[in-house]
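Engineer: So I've got this file, final_19.cif, and it contains mmCIF, C-alpha atoms and all ligand atoms:
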data_protein
#
loop_
_atom_site.label_atom_id
_atom_site.label_comp_id
_atom_site.auth_asym_id
_atom_site.auth_seq_id
_atom_site.Cartn_x
_atom_site.Cartn_y
_atom_site.Cartn_z
CA MET Q 1 0.00 0.00 0.00
CA ASN Q 2 1.69 3.21 -1.06
CA ILE Q 3 0.87 5.79 1.61
CA ASN Q 4 0.41 9.27 0.16
CA ARG Q 5 2.94 11.37 2.04
CA ASN Q 6 1.31 14.57 0.82
CA VAL Q 7 -1.76 14.28 3.02
CA GLN Q 8 -2.10 16.89 5.76
CA THR Q 9 -1.23 15.84 9.28
CA LEU Q 10 -3.41 16.82 12.24
CA ASP Q 11 -0.86 19.45 13.20
CA GLU Q 12 -0.83 20.94 9.70
CA PHE Q 13 -4.63 20.81 9.49
CA THR Q 14 -5.23 22.51 12.85
CA ILE Q 15 -2.66 25.18 12.03
CA GLN Q 16 -4.32 25.75 8.64
CA GLU Q 17 -7.68 26.08 10.45
CA LEU Q 18 -6.00 28.57 12.77
CA ARG Q 19 -4.85 30.65 9.77
CA ASP Q 20 -8.35 30.54 8.25
CA VAL Q 21 -10.27 31.54 11.39
CA PRO Q 22 -9.96 35.27 12.07
CA ASN Q 23 -8.78 36.25 15.58
CA ALA Q 24 -8.29 32.60 16.60
CA THR Q 25 -5.74 32.35 19.39
CA GLY Q 26 -4.55 28.84 18.62
CA GLU Q 27 -5.68 27.47 21.99
CA LEU Q 28 -8.27 25.12 20.50
CA SER Q 29 -5.79 23.86 17.90
CA HIS Q 30 -3.30 23.27 20.71
CA LEU Q 31 -5.89 21.37 22.76
CA LEU Q 32 -6.82 19.16 19.81
CA ARG Q 33 -3.17 18.35 19.14
CA ASN Q 34 -2.79 17.44 22.82
CA ILE Q 35 -5.67 14.99 22.49
CA GLY Q 36 -4.01 13.54 19.39
CA LEU Q 37 -0.79 13.00 21.35
CA ALA Q 38 -2.54 11.25 24.27
CA ALA Q 39 -4.52 9.09 21.83
CA LYS Q 40 -1.28 7.91 20.17
CA ARG Q 41 0.03 6.81 23.55
CA VAL Q 42 -3.23 5.02 24.38
CA ASN Q 43 -3.17 3.35 20.97
CA VAL Q 44 0.17 1.73 21.73
CA GLU Q 45 -1.19 0.16 24.93
CA VAL Q 46 -4.52 -0.86 23.40
CA ASN Q 47 -2.76 -2.58 20.53
CA LYS Q 48 -0.70 -4.75 22.87
CA ALA Q 49 -3.54 -5.38 25.33
CA GLY Q 50 -3.84 -8.87 23.92
CA LEU Q 51 -0.40 -9.53 25.34
CA ALA Q 52 -1.56 -8.48 28.82
CA ASP Q 53 -1.15 -12.04 30.03
CA ILE Q 54 2.53 -11.85 29.18
CA LEU Q 55 2.84 -8.35 30.59
CA GLY Q 56 0.72 -9.17 33.62
CA ASP Q 57 -2.98 -8.40 34.08
CA ALA Q 58 -4.17 -5.03 35.26
CA GLY Q 59 -3.28 -4.35 38.87
CA THR Q 60 -0.40 -6.83 38.90
CA ILE Q 61 3.35 -6.26 38.56
CA ASN Q 62 4.60 -7.06 35.07
CA VAL Q 63 7.84 -8.66 33.95
CA GLN Q 64 9.52 -5.23 33.95
CA GLY Q 65 8.54 -4.81 37.55
CA GLU Q 66 6.06 -2.02 36.64
CA GLU Q 67 2.53 -1.94 37.98
CA VAL Q 68 0.19 -2.70 35.07
CA LYS Q 69 -2.69 -0.24 35.20
CA LYS Q 70 -6.16 -1.00 33.94
CA LEU Q 71 -6.28 0.39 30.40
CA ASP Q 72 -9.21 2.66 31.28
CA LEU Q 73 -7.15 4.27 34.04
CA PHE Q 74 -4.05 4.38 31.86
CA ALA Q 75 -6.02 6.17 29.14
CA ASN Q 76 -7.63 8.49 31.68
CA ASN Q 77 -4.21 9.45 33.05
CA GLN Q 78 -2.79 10.10 29.57
CA PHE Q 79 -5.55 12.57 28.62
CA ILE Q 80 -5.38 14.35 31.98
CA LYS Q 81 -1.58 14.59 31.78
CA VAL Q 82 -1.40 16.19 28.34
CA LEU Q 83 -4.34 18.52 28.98
CA SER Q 84 -3.07 19.65 32.40
CA HIS Q 85 0.41 20.31 30.97
CA GLY Q 86 -0.97 22.29 28.01
CA ILE Q 87 -2.02 25.94 27.74
CA ALA Q 88 -5.60 25.52 26.59
CA CYS Q 89 -7.51 23.52 29.22
CA ALA Q 90 -8.61 24.74 32.65
CA GLY Q 91 -10.10 21.44 33.82
CA VAL Q 92 -11.58 18.09 32.83
CA ALA Q 93 -14.44 15.73 33.66
CA SER Q 94 -14.08 12.03 32.93
CA GLU Q 95 -16.19 8.88 32.97
CA GLU Q 96 -13.44 7.45 35.19
CA LEU Q 97 -13.65 10.17 37.87
CA ASP Q 98 -16.51 10.85 40.28
CA ASP Q 99 -15.95 14.60 40.15
CA PHE Q 100 -14.36 17.08 37.73
CA VAL Q 101 -10.68 18.00 38.06
CA ALA Q 102 -9.74 21.71 38.14
CA PHE Q 103 -6.22 22.51 36.93
CA ASP Q 104 -5.07 25.17 39.40
CA ASP Q 105 -1.61 26.09 38.09
CA SER Q 106 -1.16 29.64 36.79
CA LYS Q 107 -1.14 28.64 33.10
CA SER Q 108 -4.22 26.41 33.30
CA VAL Q 109 -6.41 28.86 35.23
CA ASN Q 110 -5.83 31.31 32.38
CA SER Q 111 -7.08 28.77 29.81
CA LYS Q 112 -10.50 29.24 28.28
CA TYR Q 113 -11.59 25.65 27.58
CA VAL Q 114 -12.71 22.63 29.56
CA CYS Q 115 -12.74 19.08 28.22
CA LEU Q 116 -15.09 16.20 29.05
CA PHE Q 117 -14.25 12.67 27.95
CA ASP Q 118 -14.77 8.96 28.20
CA PRO Q 119 -11.12 7.90 27.95
CA LEU Q 120 -11.76 4.33 26.87
CA ASP Q 121 -15.36 3.48 26.04
CA GLY Q 122 -16.27 -0.15 25.56
CA SER Q 123 -13.15 -1.38 27.36
CA ALA Q 124 -14.99 -4.57 28.31
CA ASN Q 125 -14.48 -5.53 24.65
CA ILE Q 126 -10.69 -5.43 24.86
CA ASP Q 127 -10.23 -9.08 25.81
CA VAL Q 128 -12.25 -10.20 22.78
CA ASN Q 129 -10.41 -7.88 20.41
CA VAL Q 130 -13.39 -5.69 19.53
CA SER Q 131 -12.63 -2.06 18.65
CA ILE Q 132 -12.95 0.47 21.48
CA GLY Q 133 -12.68 4.23 21.60
CA THR Q 134 -12.17 7.58 23.27
CA ILE Q 135 -14.94 10.21 23.16
CA PHE Q 136 -14.44 13.90 24.00
CA GLY Q 137 -16.19 17.25 23.98
CA VAL Q 138 -14.70 20.74 24.39
CA TYR Q 139 -16.54 23.74 25.88
CA ARG Q 140 -15.62 27.36 26.48
CA ARG Q 141 -15.58 27.85 30.27
CA LYS Q 142 -18.37 30.00 31.74
CA THR Q 143 -16.45 31.22 34.81
CA PRO Q 144 -13.93 34.05 34.31
CA VAL Q 145 -10.50 33.18 32.88
CA GLY Q 146 -7.95 33.42 35.69
CA THR Q 147 -10.19 31.69 38.24
CA ILE Q 148 -10.40 28.01 39.11
CA VAL Q 149 -13.19 26.23 37.19
CA THR Q 150 -16.36 25.14 38.96
CA GLU Q 151 -19.05 22.53 38.20
CA GLU Q 152 -20.93 25.21 36.24
CA ASP Q 153 -18.21 25.03 33.57
CA PHE Q 154 -19.00 21.34 33.00
CA LEU Q 155 -22.80 21.27 33.27
CA GLN Q 156 -23.34 22.94 29.89
CA ALA Q 157 -25.79 21.85 27.19
CA GLY Q 158 -24.20 20.06 24.24
CA ASN Q 159 -25.12 22.94 21.94
CA GLN Q 160 -22.38 24.94 23.74
CA GLN Q 161 -19.60 22.64 22.53
CA VAL Q 162 -16.91 24.32 20.41
CA ALA Q 163 -15.46 20.99 19.30
CA ALA Q 164 -16.07 17.27 19.82
CA GLY Q 165 -14.52 14.08 18.58
CA TYR Q 166 -13.63 10.47 19.09
CA VAL Q 167 -10.80 8.02 18.50
CA VAL Q 168 -11.57 4.50 17.29
CA TYR Q 169 -8.78 2.02 18.12
CA GLY Q 170 -9.69 -0.49 15.41
CA SER Q 171 -8.32 -2.21 12.33
CA SER Q 172 -6.74 1.19 11.80
CA THR Q 173 -6.78 3.90 14.44
CA MET Q 174 -8.74 7.01 13.52
CA LEU Q 175 -9.31 10.36 15.17
CA VAL Q 176 -12.46 12.15 14.00
CA TYR Q 177 -13.30 15.62 15.26
CA ALA Q 178 -15.84 18.31 14.50
CA THR Q 179 -15.91 22.05 14.93
CA ARG Q 180 -18.78 24.14 13.54
CA ARG Q 181 -16.69 24.36 10.35
CA GLY Q 182 -16.91 20.63 9.62
CA VAL Q 183 -16.09 17.03 10.54
CA ASN Q 184 -12.69 15.64 9.58
CA GLY Q 185 -11.15 12.20 10.04
CA PHE Q 186 -7.47 11.41 10.53
CA THR Q 187 -5.94 7.95 10.26
CA LEU Q 188 -2.84 7.21 12.32
CA ASP Q 189 0.11 6.48 10.06
CA PRO Q 190 2.24 4.32 12.37
CA SER Q 191 5.28 4.59 10.08
CA VAL Q 192 5.65 8.27 10.96
CA GLY Q 193 3.42 8.44 14.05
CA GLU Q 194 1.26 11.16 12.52
CA TRP Q 195 -2.51 11.56 12.25
CA SER Q 196 -3.08 11.92 8.47
CA LEU Q 197 -6.18 13.55 7.00
CA SER Q 198 -7.88 10.54 5.39
CA HIS Q 199 -11.56 11.58 5.59
CA PRO Q 200 -11.94 15.32 4.87
CA ASP Q 201 -15.31 17.01 5.40
CA ILE Q 202 -17.29 13.92 6.51
CA LYS Q 203 -21.04 14.10 5.80
CA CYS Q 204 -23.50 11.50 7.11
CA PRO Q 205 -25.57 10.10 4.20
CA GLU Q 206 -29.13 11.46 4.53
CA ALA Q 207 -30.57 7.96 4.08
CA GLY Q 208 -29.18 4.69 5.33
CA LYS Q 209 -29.95 0.99 5.56
CA ILE Q 210 -28.21 0.02 8.80
CA TYR Q 211 -29.91 -0.01 12.17
CA SER Q 212 -27.98 -0.65 15.39
CA VAL Q 213 -29.72 -1.67 18.62
CA ASN Q 214 -29.37 -4.33 21.31
CA HIS Q 215 -32.18 -6.74 20.46
CA GLY Q 216 -31.71 -8.44 23.81
CA ASN Q 217 -33.64 -5.55 25.39
CA PHE Q 218 -36.41 -5.64 22.76
CA PHE Q 219 -39.29 -6.46 25.09
CA GLN Q 220 -38.17 -3.74 27.50
CA TYR Q 221 -38.40 -0.99 24.85
CA SER Q 222 -41.44 1.26 24.42
CA GLY Q 223 -44.10 0.28 21.87
CA GLY Q 224 -42.95 3.03 19.50
CA VAL Q 225 -39.36 1.75 19.53
CA ARG Q 226 -40.49 -1.84 18.99
CA ASP Q 227 -42.71 -0.73 16.09
CA TYR Q 228 -39.81 1.15 14.50
CA ILE Q 229 -37.53 -1.88 14.85
CA HIS Q 230 -40.18 -4.00 13.11
CA ALA Q 231 -40.37 -1.37 10.35
CA CYS Q 232 -36.60 -1.71 9.89
CA GLN Q 233 -37.06 -5.46 9.41
CA ARG Q 234 -39.99 -5.22 6.95
CA LYS Q 235 -39.57 -5.35 3.19
CA ASP Q 236 -41.13 -1.96 2.57
CA LYS Q 237 -40.88 0.08 -0.61
CA THR Q 238 -41.42 3.38 1.20
CA ASN Q 239 -38.42 3.11 3.51
CA GLY Q 240 -36.27 0.81 1.35
CA GLY Q 241 -36.48 -1.92 3.99
CA PRO Q 242 -35.49 -4.45 5.18
CA TYR Q 243 -32.41 -2.79 6.67
CA THR Q 244 -29.25 -4.57 7.83
CA GLN Q 245 -28.78 -4.93 11.60
CA ARG Q 246 -25.26 -4.19 12.83
CA TYR Q 247 -24.45 -3.88 16.56
CA ILE Q 248 -20.90 -4.30 17.87
CA GLY Q 249 -21.58 -3.24 21.46
CA SER Q 250 -18.94 -0.53 21.21
CA MET Q 251 -20.58 2.86 20.69
CA VAL Q 252 -17.61 4.48 18.97
CA SER Q 253 -17.46 1.70 16.36
CA ASP Q 254 -21.23 1.53 15.83
CA VAL Q 255 -21.71 5.28 15.48
CA HIS Q 256 -18.55 5.71 13.36
CA ARG Q 257 -19.76 3.10 10.86
CA ASN Q 258 -23.21 4.72 10.65
CA LEU Q 259 -21.68 8.20 10.29
CA ILE Q 260 -19.66 7.06 7.28
CA LYS Q 261 -22.14 4.67 5.64
CA GLY Q 262 -25.46 6.06 6.85
CA GLY Q 263 -27.58 4.38 9.50
CA ILE Q 264 -29.21 4.79 12.88
CA PHE Q 265 -27.88 3.84 16.33
CA MET Q 266 -30.29 3.47 19.23
CA TYR Q 267 -29.76 2.98 22.92
CA PRO Q 268 -33.34 3.52 24.12
CA GLY Q 269 -34.60 3.66 27.67
CA THR Q 270 -35.98 0.37 28.98
CA THR Q 271 -38.49 -0.55 31.66
CA ASP Q 272 -35.54 -1.29 33.99
CA LYS Q 273 -33.50 1.77 32.95
CA PRO Q 274 -35.82 4.51 31.62
CA ASN Q 275 -32.79 6.78 30.99
CA GLY Q 276 -30.90 4.07 29.17
CA LYS Q 277 -27.21 3.38 29.74
CA LEU Q 278 -25.23 6.00 27.85
CA ARG Q 279 -23.89 9.12 29.53
CA LEU Q 280 -25.10 12.51 28.30
CA LEU Q 281 -22.05 14.69 28.84
CA TYR Q 282 -19.13 12.69 27.48
CA GLU Q 283 -20.73 10.01 25.28
CA CYS Q 284 -23.93 11.42 23.77
CA ASN Q 285 -23.20 15.15 23.52
CA PRO Q 286 -19.94 14.73 21.56
CA PHE Q 287 -21.54 12.33 19.05
CA ALA Q 288 -24.66 14.50 18.79
CA PHE Q 289 -22.46 17.51 17.96
CA ILE Q 290 -20.44 15.59 15.37
CA MET Q 291 -23.55 14.07 13.77
CA GLY Q 292 -25.27 17.46 13.65
CA VAL Q 293 -22.34 19.10 11.84
CA ALA Q 294 -22.26 16.10 9.46
CA GLY Q 295 -25.96 16.54 8.58
CA GLY Q 296 -27.49 13.87 10.84
CA LYS Q 297 -29.67 14.16 13.96
CA ALA Q 298 -29.59 13.00 17.59
CA THR Q 299 -32.44 12.99 20.13
CA ASN Q 300 -33.42 11.34 23.39
CA GLY Q 301 -36.73 10.40 21.78
CA LYS Q 302 -38.35 13.67 22.78
CA GLU Q 303 -35.84 16.50 22.30
CA ARG Q 304 -32.47 17.16 20.67
CA ILE Q 305 -29.62 15.72 22.72
CA LEU Q 306 -27.74 19.02 22.33
CA ASP Q 307 -30.57 20.98 23.96
CA ILE Q 308 -30.70 18.94 27.18
CA GLN Q 309 -29.60 21.05 30.16
CA PRO Q 310 -27.45 18.73 32.33
CA THR Q 311 -27.98 18.61 36.11
CA GLU Q 312 -25.21 16.16 37.01
CA LEU Q 313 -21.90 15.06 35.48
CA HIS Q 314 -22.72 11.38 34.97
CA GLN Q 315 -26.39 11.54 34.08
CA ARG Q 316 -27.64 9.05 31.49
CA THR Q 317 -29.95 9.61 28.53
CA PRO Q 318 -31.74 7.51 25.94
CA MET Q 319 -29.93 8.01 22.62
CA PHE Q 320 -31.15 7.89 19.02
CA ILE Q 321 -28.61 9.16 16.49
CA GLY Q 322 -28.00 8.87 12.74
CA SER Q 323 -29.05 9.70 9.19
CA LYS Q 324 -31.57 12.51 8.95
CA LEU Q 325 -34.27 10.62 7.00
CA MET Q 326 -34.02 7.57 9.30
CA MET Q 327 -34.30 9.80 12.36
CA ASP Q 328 -37.30 11.59 10.81
CA GLU Q 329 -38.96 8.20 10.21
CA LEU Q 330 -38.15 7.05 13.78
CA GLU Q 331 -39.79 10.18 15.16
CA THR Q 332 -43.09 9.23 13.48
CA TYR Q 333 -43.08 6.10 15.67
CA LEU Q 334 -42.16 7.87 18.92
P1 LIG D 401 -25.10 -3.11 25.78
C1 LIG D 401 -19.92 -0.08 26.07
O1 LIG D 401 -19.96 -0.68 27.34
C2 LIG D 401 -21.08 0.89 25.98
O2 LIG D 401 -20.96 1.89 26.94
C3 LIG D 401 -21.15 1.49 24.58
O3 LIG D 401 -19.90 1.63 24.00
C4 LIG D 401 -22.02 0.51 23.84
O4 LIG D 401 -22.72 1.10 22.75
C5 LIG D 401 -22.99 0.05 24.92
O5 LIG D 401 -22.30 0.19 26.16
C6 LIG D 401 -23.40 -1.39 24.73
O6 LIG D 401 -24.32 -1.69 25.78
O7 LIG D 401 -26.06 -3.00 26.93
O8 LIG D 401 -25.83 -3.20 24.46
O9 LIG D 401 -24.04 -4.17 25.94
#
Would you kindly transcribe this structure into structure tokens?
Ligand code: P6P

Structural biologist:
Amino acid sequence: MNINRNVQTLDEFTIQELRDVPNATGELSHLLRNIGLAAKRVNVEVNKAGLADILGDAGTINVQGEEVKKLDLFANNQFIKVLSHGIACAGVASEELDDFVAFDDSKSVNSKYVCLFDPLDGSANIDVNVSIGTIFGVYRRKTPVGTIVTEEDFLQAGNQQVAAGYVVYGSSTMLVYATRRGVNGFTLDPSVGEWSLSHPDIKCPEAGKIYSVNHGNFFQYSGGVRDYIHACQRKDKTNGGPYTQRYIGSMVSDVHRNLIKGGIFMYPGTTDKPNGKLRLLYECNPFAFIMGVAGGKATNGKERILDIQPTELHQRTPMFIGSKLMMDELETYL
């Protein structure tokens, strides 16, 4: 495979964006490059996770005498380290941490962004070699620059995001991020250790023929959701059915595939868990932002995900996200 060395790297792309955006300070570009650096380090560990038995399971001491951390915690530490040592982030909230972390050094308190992330979503899939991912969202802080961030800076609606993205550690490792200017995908070129622009200006196909849902919960879904799932399975001229069912059980992989090919991903509420399983702030909001910029839609079944006003860091929400026409059809059933 001859790799085209002329593609833009993430660094070149973010610097080009910086040149194109009037009065941009470069802080957001810097923050995104930091995330790219942490993701490269996580990628190395994820790719050798299968060797964990040789290196020692999480929590044990490996052959080099180092303590082997759980990959989730390793990933969490990598993102916190690069963001706290940068000049663009004043604090973070993470799926791995009960509370947010304020960076109180003089440089960080003068930063204008906060970052919320799930450092390694779907990590239960690691030992069966299924792709997993990192999900992140970036907000402008609400409290004054120069002060230490408070919870108010993190409990913002998704429509306040200035950027959002994900990394999928899969057959190839990709970083996809959106600003209001567009969605762009970068594939890690391991030969030079650079994120290379492989998917410029991603748009989600308006129509799709893939639906993703956990059928194991079928009888716990609402009647409208069950009726829509049946519609996906019916041979129906109007909606081009039957659709193909694809569900990997790793949100980053499922939503990434549907973003590129067209499709709908659903994690509805159930009788046992009316708010579903997925977290609003650092799983659903980032994907809803990305999908919106790419031309798709994301709701909780009643309102746009991006319009939900959060009340707590780890709150859950039902999630329906994907191609515009499929989401419009779903809404007729809800
Ligand atoms: P279920 C992974 O644990 C995760 O948080 C998402 O990545 C994924 O979409 C979902 O849970 C799968 O949940 O209940 O279908 O196994």

Engineer: Could you state the separation of CA of Val149 (chain Q) and CA of Ala75 (chain Q) in Å, given to one decimal place?

Structural biologist: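 So the answer is 22.8 Å.
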
Engineer: Write out as a list in words which residues come within 10 Å of Phe79 (chain Q) when counting all atoms listed in the file, dropping same-chain ones fewer than 4 positions away.

Structural biologist: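 With the cut-off at 10 Å, the set is Asn34, Ile35, Gly36, Leu37, Ala38, Ala39, Arg41, Val42, Phe74, Ala75, Leu83, Ser84, Val92, Ser94, Cys115, Phe117, Asp118, Pro119 and Thr134 of chain Q.
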
Engineer: Can you write out as a tab-separated table which residues of region 172-207 of chain Q fall within 6 Å of region 287-302 of chain Q, alongside each residue's closest atom pair and its distance in Å to one decimal, counting all atoms listed in the file and ordering rows by chain and ascending residue number?

Structural biologist:
residue	atom	partner	partner_atom	distance
Q:Ala178	CA	Q:Ile290	CA	5.4
Q:Lys203	CA	Q:Ala294	CA	4.3
Q:Cys204	CA	Q:Ala294	CA	5.3

Engineer: So which residues touch Val130 (chain Q) within 10 Å, counting only C-alpha atoms, skipping near sequence neighbours fewer than 3 positions away, as a list in words?

Structural biologist: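 In the requested form, the answer reads Gly122, Ser123, Ala124, Asn125, Ile126, Asp127, Tyr169, Gly170, Ser171, Ile248, Gly249, Ser250 and Ser253 of chain Q.
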
Engineer: Check which residues fall inside 9 Å of ligand LIG 401 (chain D) when counting all atoms listed in the file, and print them as a PyMOL selection string.

Structural biologist: chain Q and resi 121-125+132-133+213-217+247-255+265-267+276-279+283

Engineer: CA of Ala88 (chain Q) and CA of Asn184 (chain Q), how far apart in Å?

Structural biologist: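 Spanning CA of Asn184 (chain Q) to CA of Ala88 (chain Q) is a straight-line distance of 20.9 Å.
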
Engineer: Find, counting only C-alpha atoms, the residue in Q:Gly26, Q:Gly158, Q:Pro286, Q:Gly208 that gets nearest to Leu259 (chain Q).

Structural biologist: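 Looking only at the distances to Leu259 (chain Q), the closest residue turns out to be Q:Gly208.
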
Engineer: What separation in Å, quoted to one decimal, exists between CA of Arg316 (chain Q) and CA of Ala157 (chain Q)?

Structural biologist: 13.6 Å

Engineer: Calculated over only C-alpha atoms, which of the candidates Q:Ser111, Q:Ser131, Q:Ser212, Q:Thr147 has the smallest distance to Val46 (chain Q)?

Structural biologist: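 Between Q:Ser111, Q:Ser131, Q:Ser212, Q:Thr147, the residue approaching Val46 (chain Q) most closely is Q:Ser131.
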
Engineer: Please provide as a PDB file with C-alpha atoms, in the coordinates of the input all residues within 8 Å of region 187-194 of chain Q, with the sequence filter that same-chain residues fewer than 5 positions apart are discarded (counting all atoms listed in the file).

Structural biologist:
ATOM      1  CA  THR Q   9      -1.230  15.840   9.280  1.00  0.00           C
ATOM      2  CA  LEU Q  10      -3.410  16.820  12.240  1.00  0.00           C
ATOM      3  CA  LYS Q  40      -1.280   7.910  20.170  1.00  0.00           C
ATOM      4  CA  SER Q 172      -6.740   1.190  11.800  1.00  0.00           C
ATOM      5  CA  THR Q 173      -6.780   3.900  14.440  1.00  0.00           C
ATOM      6  CA  MET Q 174      -8.740   7.010  13.520  1.00  0.00           C
ATOM      7  CA  LEU Q 175      -9.310  10.360  15.170  1.00  0.00           C
TER       8      LEU Q 175
END

Engineer: Could you list as a VMD selection string every residue that has an atom within 9 Å of (-0.2, 22.5, 24.5), using the file's coordinates and counting only C-alpha atoms?

Structural biologist: chain Q and resid 27 29 to 34 82 to 89

Engineer: Quick one: residues within 8 Å of Leu280 (chain Q), all atoms listed in the file counted, chain neighbours fewer than 5 positions away excluded, as an MDAnalysis selection string?

Structural biologist: chainID Q and resid 285 305 310 314:317

Engineer: With distances taken over only C-alpha atoms, which of Q:Leu281, Q:Val176, Q:Ile264, Q:Val138 is nearest to Leu155 (chain Q)?

Structural biologist: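 Ranked by minimum distance to Leu155 (chain Q), first place goes to Q:Leu281.
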